[in-house]
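> Here it is, the structure, as structure tokens.
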Amino acid sequence: MISRIDLRGTALPEGQALRSLLPRADFDVSAALEKVRPICEDVHHRGDAALIEYAEKFDGVELAQVKVPAEALKSALEDLDPQIRAALEESIRRARIVHRAQRRTTETTQVVPGGTVTERWVPVDRVGLYAPGGRAVYPSSVIMDVVPAQEAEVPSIALASPAQKEFGGLPHPTILAACALLGIDEVYAAGGATAVAMFAHGTESCPPAPMVMGPGNIWVAAAKRYFTGVIGIDSEAGPTEIAVLADDSADPVHVAADLISQAEHDPLAASVLVTTSEELAAGVEKELTAQVAVARHREERIEPALRGEQSAIVLVDTLEDGLAVVNAYGAEHLEIQTRDAAEVAGQVRNAGAVFVGPWSPVSLGDYAAGSNHVLPTGGCACHSSGLSVQSFLRGIHVVDYSRDALAEITAHVVTLANAEDLPAHGEALKARFEWKVPNTK
């Protein structure tokens, strides 16, 4: 059901040498880039007409328009199952609590008397958000996309999700209902690379956005790469992944269930257990067989994901080795199921999100912990963060010096400018004190 990697008995290598021993999905964005390039260029040149044509080609729907009518959003919310509505509302409430605390305030620092630097945090003018709609529907991703953008006070927020044939060419009604709950009224039936291109270039119905955020498949990732330097992005998200660091105190039932929960997303999803316990490894293998046998998406998603090269049970000698492995791996989601789990979690340096102990499963974070589930994948947690309020803000330094404060530092600036062979930089300061505009009267 799942392979083993035994790293016991020898000293672990470091850096890339260790990462090369660990499982990872084959996610070739470069190859996909060549396929999305003509699509992005076509949307640039033909706008809505191209979007409508690709919706028929890729999604099998005939669209009259790309923008979702306001009536459809209203109807989706009115028809929403009350239990789903209550769950979405609670998820929104908790997400707001966490993301509101991330707001940045303007700070002014006095460097010298008469000289200050103020850092202002300014939201982007407009953002295009993406909610996937392929193998599953993700209203939770609508929440994770929209709430931090709203808490950052982005003035213009639009969202795209693929057209669905069974819903008359509209995005899934639960996606639309989530948008309505959040007050998002600019929604488009566009998926994959076409949605990213729509936001990047703008079309007749959709103004361009300088930033595009949100999770998606390889075509979304490739389109984001195509527009690098043109728009801001969060990340080139790859298949979802979970790593569990566990010792012999962990419950194999819990661990297996959590590995399956992420395998359920996609055949390329990664499920990795790192453990010091041979007994736990055997117990998890047994539980995987039993639990997968009765799982709903067993054949098309879960079994391929668990059997794939991206999933494995990794055996290590010590918990310190286990920490080295998970820090090298840089998981999107990392569970710590060990004794003193909070202390162990404090030693994690590379992870999109860390889930501490047996009562904090990744599934909680996917929906209602209050944390964000749009997280770096493919090892990018070693250098990148998940989606947050800060993702939508730009820090602007405002420099305000008086005449005396500038005079005090001028000699140093001139010295440094000359050292870099940029004398005009220094002359720009000296001119304020030594050079006057001649009187031509």
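All residue names refer to the structure tokens as shown: chains lettered A, B, ... in order, residues numbered from 1 in each chain, ligands numbered from 1 in order.
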Any idea what's packed within 10 Å of Tyr226 (chain A), counting only C-alpha atoms, ignoring anything in its chain fewer than 2 positions away? Could you give it as a PyMOL selection string?
chain A and resi 30+33-34+36-37+40+193+196-197+220-224+228-231
> Just asking: which residues within region 351-388 of chain A are strand (DSSP E or B) according to DSSP, as a list in words?
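Output for region 351-388 of chain A, strand (DSSP E or B) only: Ala351, Gly352, Ala353, Val354, Phe355 and Val356 of chain A.
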> To one decimal place in Å, what is the distance between CA of Val127 (chain A) and CA of Pro148 (chain A)?
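Here the two named atoms are 11.4 Å from each other.
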> Output as a PyMOL selection string all residues of region 216-407 of chain A that backbone DSSP marks as helix (DSSP H, G or I).
chain A and resi 218-226+252-263+278-293+298-307+319-329+341-345+362-367+380-382+389-392+403-407
> Which polymer residues have any atom within 9 Å of an atom of region 238-242 of chain A, counting only C-alpha atoms, with same-chain residues fewer than 4 positions away left out, as a PyMOL selection string?
chain A and resi 25+27+29+215-218+221+258-259+262-263+265-273+310-311+331-335+362+375-378
> Just the selected residues (N, CA and C atoms), exported as an mmCIF file, in the first residue's frame, please.

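Saved result, out_10.cif, follows:
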data_model
loop_
_atom_site.group_PDB
_atom_site.id
_atom_site.type_symbol
_atom_site.label_atom_id
_atom_site.label_comp_id
_atom_site.auth_asym_id
_atom_site.auth_seq_id
_atom_site.Cartn_x
_atom_site.Cartn_y
_atom_site.Cartn_z
ATOM 1 N N ALA A 25 6.491 14.223 -5.294
ATOM 2 C CA ALA A 25 5.753 14.041 -6.538
ATOM 3 C C ALA A 25 6.509 14.658 -7.707
ATOM 4 N N PHE A 27 6.285 16.911 -10.492
ATOM 5 C CA PHE A 27 5.373 18.002 -10.829
ATOM 6 C C PHE A 27 6.116 18.954 -11.750
ATOM 7 N N VAL A 29 6.304 21.747 -13.846
ATOM 8 C CA VAL A 29 5.650 22.993 -14.260
ATOM 9 C C VAL A 29 6.234 23.495 -15.578
ATOM 10 N N PRO A 215 -4.990 28.538 -4.609
ATOM 11 C CA PRO A 215 -4.476 27.235 -5.019
ATOM 12 C C PRO A 215 -5.073 26.785 -6.340
ATOM 13 N N GLY A 216 -4.397 25.818 -6.974
ATOM 14 C CA GLY A 216 -4.917 25.282 -8.224
ATOM 15 C C GLY A 216 -4.053 24.130 -8.702
ATOM 16 N N ASN A 217 -4.391 23.617 -9.881
ATOM 17 C CA ASN A 217 -3.657 22.469 -10.425
ATOM 18 C C ASN A 217 -2.395 22.929 -11.152
ATOM 19 N N ILE A 218 -1.775 22.006 -11.870
ATOM 20 C CA ILE A 218 -0.505 22.313 -12.537
ATOM 21 C C ILE A 218 -0.671 23.393 -13.609
ATOM 22 N N ALA A 221 -0.536 26.662 -11.824
ATOM 23 C CA ALA A 221 0.859 26.922 -11.454
ATOM 24 C C ALA A 221 1.674 27.371 -12.653
ATOM 25 N N ASP A 258 -5.097 10.251 8.967
ATOM 26 C CA ASP A 258 -4.619 11.552 8.515
ATOM 27 C C ASP A 258 -3.867 11.441 7.195
ATOM 28 N N LEU A 259 -3.106 10.380 7.011
ATOM 29 C CA LEU A 259 -2.435 10.164 5.725
ATOM 30 C C LEU A 259 -3.455 9.999 4.609
ATOM 31 N N GLN A 262 -5.281 13.325 3.214
ATOM 32 C CA GLN A 262 -4.634 14.122 2.177
ATOM 33 C C GLN A 262 -4.539 13.354 0.860
ATOM 34 N N ALA A 263 -4.366 12.040 0.929
ATOM 35 C CA ALA A 263 -4.352 11.229 -0.296
ATOM 36 C C ALA A 263 -5.670 11.340 -1.046
ATOM 37 N N HIS A 265 -7.248 13.883 -1.844
ATOM 38 C CA HIS A 265 -7.308 15.038 -2.741
ATOM 39 C C HIS A 265 -7.016 14.687 -4.185
ATOM 40 N N ASP A 266 -5.960 13.875 -4.416
ATOM 41 C CA ASP A 266 -5.412 13.787 -5.767
ATOM 42 C C ASP A 266 -4.492 12.576 -5.858
ATOM 43 N N PRO A 267 -4.420 11.922 -7.010
ATOM 44 C CA PRO A 267 -3.476 10.797 -7.147
ATOM 45 C C PRO A 267 -2.020 11.192 -6.929
ATOM 46 N N LEU A 268 -1.712 12.486 -7.075
ATOM 47 C CA LEU A 268 -0.349 12.959 -6.851
ATOM 48 C C LEU A 268 -0.129 13.474 -5.437
ATOM 49 N N ALA A 269 -1.164 13.448 -4.595
ATOM 50 C CA ALA A 269 -1.012 13.920 -3.221
ATOM 51 C C ALA A 269 0.023 13.073 -2.488
ATOM 52 N N ALA A 270 0.785 13.726 -1.607
ATOM 53 C CA ALA A 270 1.857 13.044 -0.882
ATOM 54 C C ALA A 270 1.459 12.811 0.566
ATOM 55 N N SER A 271 1.676 11.592 1.032
ATOM 56 C CA SER A 271 1.437 11.222 2.428
ATOM 57 C C SER A 271 2.709 10.570 2.961
ATOM 58 N N VAL A 272 3.348 11.216 3.938
ATOM 59 C CA VAL A 272 4.650 10.776 4.430
ATOM 60 C C VAL A 272 4.609 10.648 5.942
ATOM 61 N N LEU A 273 5.015 9.496 6.439
ATOM 62 C CA LEU A 273 5.181 9.278 7.875
ATOM 63 C C LEU A 273 6.668 9.152 8.177
ATOM 64 N N GLN A 310 5.622 9.610 -4.354
ATOM 65 C CA GLN A 310 5.619 10.774 -3.471
ATOM 66 C C GLN A 310 5.253 10.436 -2.034
ATOM 67 N N SER A 311 4.836 9.196 -1.765
ATOM 68 C CA SER A 311 4.396 8.796 -0.425
ATOM 69 C C SER A 311 5.291 7.686 0.117
ATOM 70 N N ALA A 331 7.331 20.221 4.587
ATOM 71 C CA ALA A 331 5.976 19.823 4.206
ATOM 72 C C ALA A 331 4.996 20.986 4.202
ATOM 73 N N GLU A 332 4.016 20.884 3.335
ATOM 74 C CA GLU A 332 2.892 21.819 3.354
ATOM 75 C C GLU A 332 2.184 21.730 4.704
ATOM 76 N N HIS A 333 1.825 20.518 5.110
ATOM 77 C CA HIS A 333 1.210 20.263 6.413
ATOM 78 C C HIS A 333 2.107 19.301 7.189
ATOM 79 N N LEU A 334 2.415 19.639 8.420
ATOM 80 C CA LEU A 334 3.238 18.760 9.252
ATOM 81 C C LEU A 334 2.542 18.521 10.577
ATOM 82 N N GLU A 335 2.251 17.248 10.860
ATOM 83 C CA GLU A 335 1.697 16.871 12.160
ATOM 84 C C GLU A 335 2.823 16.375 13.066
ATOM 85 N N VAL A 362 -4.673 17.705 10.462
ATOM 86 C CA VAL A 362 -4.623 18.600 9.305
ATOM 87 C C VAL A 362 -6.025 18.952 8.827
ATOM 88 N N LEU A 375 -1.061 26.983 1.372
ATOM 89 C CA LEU A 375 0.277 26.840 1.938
ATOM 90 C C LEU A 375 1.292 26.432 0.879
ATOM 91 N N PRO A 376 2.573 26.685 1.119
ATOM 92 C CA PRO A 376 3.606 26.294 0.144
ATOM 93 C C PRO A 376 3.764 24.782 0.072
ATOM 94 N N THR A 377 3.954 24.277 -1.145
ATOM 95 C CA THR A 377 4.114 22.844 -1.385
ATOM 96 C C THR A 377 5.467 22.579 -2.040
ATOM 97 N N GLY A 378 5.756 21.296 -2.260
ATOM 98 C CA GLY A 378 6.946 20.923 -3.009
ATOM 99 C C GLY A 378 8.250 21.339 -2.365
#
> List the neighbours of Val244 (chain A) out to 12 Å using only C-alpha atoms; skip same-chain residues closer than 5 positions along the sequence, and give me the result as JSON, numbers by chain.
{"A": [250, 251, 252, 254, 255, 256, 257, 258, 259, 260, 262, 270, 271, 272, 273, 274, 275, 276, 280, 281, 284, 311, 312, 313, 314, 315, 322, 323, 325, 326, 327, 329, 330, 331, 332, 333, 334, 335, 336, 337, 338, 341, 345, 351, 353, 354, 355, 356, 357, 358, 360, 361, 362]}
> At what distance in Å, to one decimal, does CA of Arg96 (chain A) lie from CA of Val187 (chain A)?
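Between these atoms lies a distance of 21.2 Å.
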> Counting only C-alpha atoms, what is within 12 Å of Glu204 (chain A), bar same-chain residues fewer than 5 positions away, as JSON, numbers by chain?
{"A": [43, 44, 45, 46, 47, 48, 49, 50, 51, 65, 66, 67, 198, 199]}
> Selected residues, N, CA and C atoms, written as an mmCIF file, in the first residue's frame, please.

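Result file follows (again.cif):
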data_model
loop_
_atom_site.group_PDB
_atom_site.id
_atom_site.type_symbol
_atom_site.label_atom_id
_atom_site.label_comp_id
_atom_site.auth_asym_id
_atom_site.auth_seq_id
_atom_site.Cartn_x
_atom_site.Cartn_y
_atom_site.Cartn_z
ATOM 1 N N VAL A 43 -6.003 34.468 -24.727
ATOM 2 C CA VAL A 43 -6.877 35.259 -23.862
ATOM 3 C C VAL A 43 -6.496 36.731 -23.941
ATOM 4 N N HIS A 44 -5.206 36.999 -24.054
ATOM 5 C CA HIS A 44 -4.749 38.380 -24.181
ATOM 6 C C HIS A 44 -5.342 39.034 -25.420
ATOM 7 N N HIS A 45 -5.354 38.318 -26.516
ATOM 8 C CA HIS A 45 -5.772 38.905 -27.789
ATOM 9 C C HIS A 45 -7.284 38.873 -27.999
ATOM 10 N N ARG A 46 -7.951 37.839 -27.487
ATOM 11 C CA ARG A 46 -9.385 37.696 -27.801
ATOM 12 C C ARG A 46 -10.303 37.857 -26.604
ATOM 13 N N GLY A 47 -9.744 37.984 -25.408
ATOM 14 C CA GLY A 47 -10.551 38.296 -24.245
ATOM 15 C C GLY A 47 -11.635 37.286 -23.941
ATOM 16 N N ASP A 48 -12.845 37.797 -23.697
ATOM 17 C CA ASP A 48 -13.960 36.935 -23.294
ATOM 18 C C ASP A 48 -14.266 35.848 -24.308
ATOM 19 N N ALA A 49 -14.094 36.144 -25.582
ATOM 20 C CA ALA A 49 -14.377 35.140 -26.613
ATOM 21 C C ALA A 49 -13.486 33.915 -26.430
ATOM 22 N N ALA A 50 -12.242 34.150 -26.083
ATOM 23 C CA ALA A 50 -11.328 33.030 -25.843
ATOM 24 C C ALA A 50 -11.738 32.263 -24.588
ATOM 25 N N LEU A 51 -12.128 32.969 -23.543
ATOM 26 C CA LEU A 51 -12.564 32.305 -22.307
ATOM 27 C C LEU A 51 -13.769 31.411 -22.563
ATOM 28 N N GLN A 65 -21.882 34.189 -21.059
ATOM 29 C CA GLN A 65 -21.005 35.212 -20.506
ATOM 30 C C GLN A 65 -20.123 34.579 -19.447
ATOM 31 N N VAL A 66 -19.022 35.218 -19.160
ATOM 32 C CA VAL A 66 -18.066 34.680 -18.197
ATOM 33 C C VAL A 66 -18.396 35.124 -16.782
ATOM 34 N N LYS A 67 -18.856 36.356 -16.633
ATOM 35 C CA LYS A 67 -19.166 36.872 -15.298
ATOM 36 C C LYS A 67 -20.458 36.241 -14.780
ATOM 37 N N MET A 198 -7.001 35.709 -17.578
ATOM 38 C CA MET A 198 -8.080 36.702 -17.514
ATOM 39 C C MET A 198 -7.725 37.804 -16.520
ATOM 40 N N PHE A 199 -7.269 37.409 -15.342
ATOM 41 C CA PHE A 199 -6.915 38.400 -14.335
ATOM 42 C C PHE A 199 -5.667 39.182 -14.733
#
> Determine, counting only C-alpha atoms, which protein, DNA and RNA residues have an atom within 10 Å of an atom of Ala293 (chain A); residues of the same chain fewer than 6 positions away are not included. Present the result as a list in words.
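Contacts, in chain order: Glu287, Glu299 and Glu303 of chain A.
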> Next, dump the selected residues to file, keeping only N, CA and C atoms, as a PDB file, in the first residue's frame.

ATOM      1  N   GLU A 287      -3.382  -0.415   9.276  1.00  0.00           N
ATOM      2  CA  GLU A 287      -4.553   0.461   9.298  1.00  0.00           C
ATOM      3  C   GLU A 287      -4.842   1.059   7.920  1.00  0.00           C
ATOM      4  N   GLU A 299     -10.079   3.924  -5.321  1.00  0.00           N
ATOM      5  CA  GLU A 299      -9.386   3.523  -6.539  1.00  0.00           C
ATOM      6  C   GLU A 299      -8.874   4.691  -7.366  1.00  0.00           C
ATOM      7  N   GLU A 303      -5.612   5.185  -3.337  1.00  0.00           N
ATOM      8  CA  GLU A 303      -4.614   4.143  -3.569  1.00  0.00           C
ATOM      9  C   GLU A 303      -3.473   4.627  -4.475  1.00  0.00           C
TER      10      GLU A 303
END
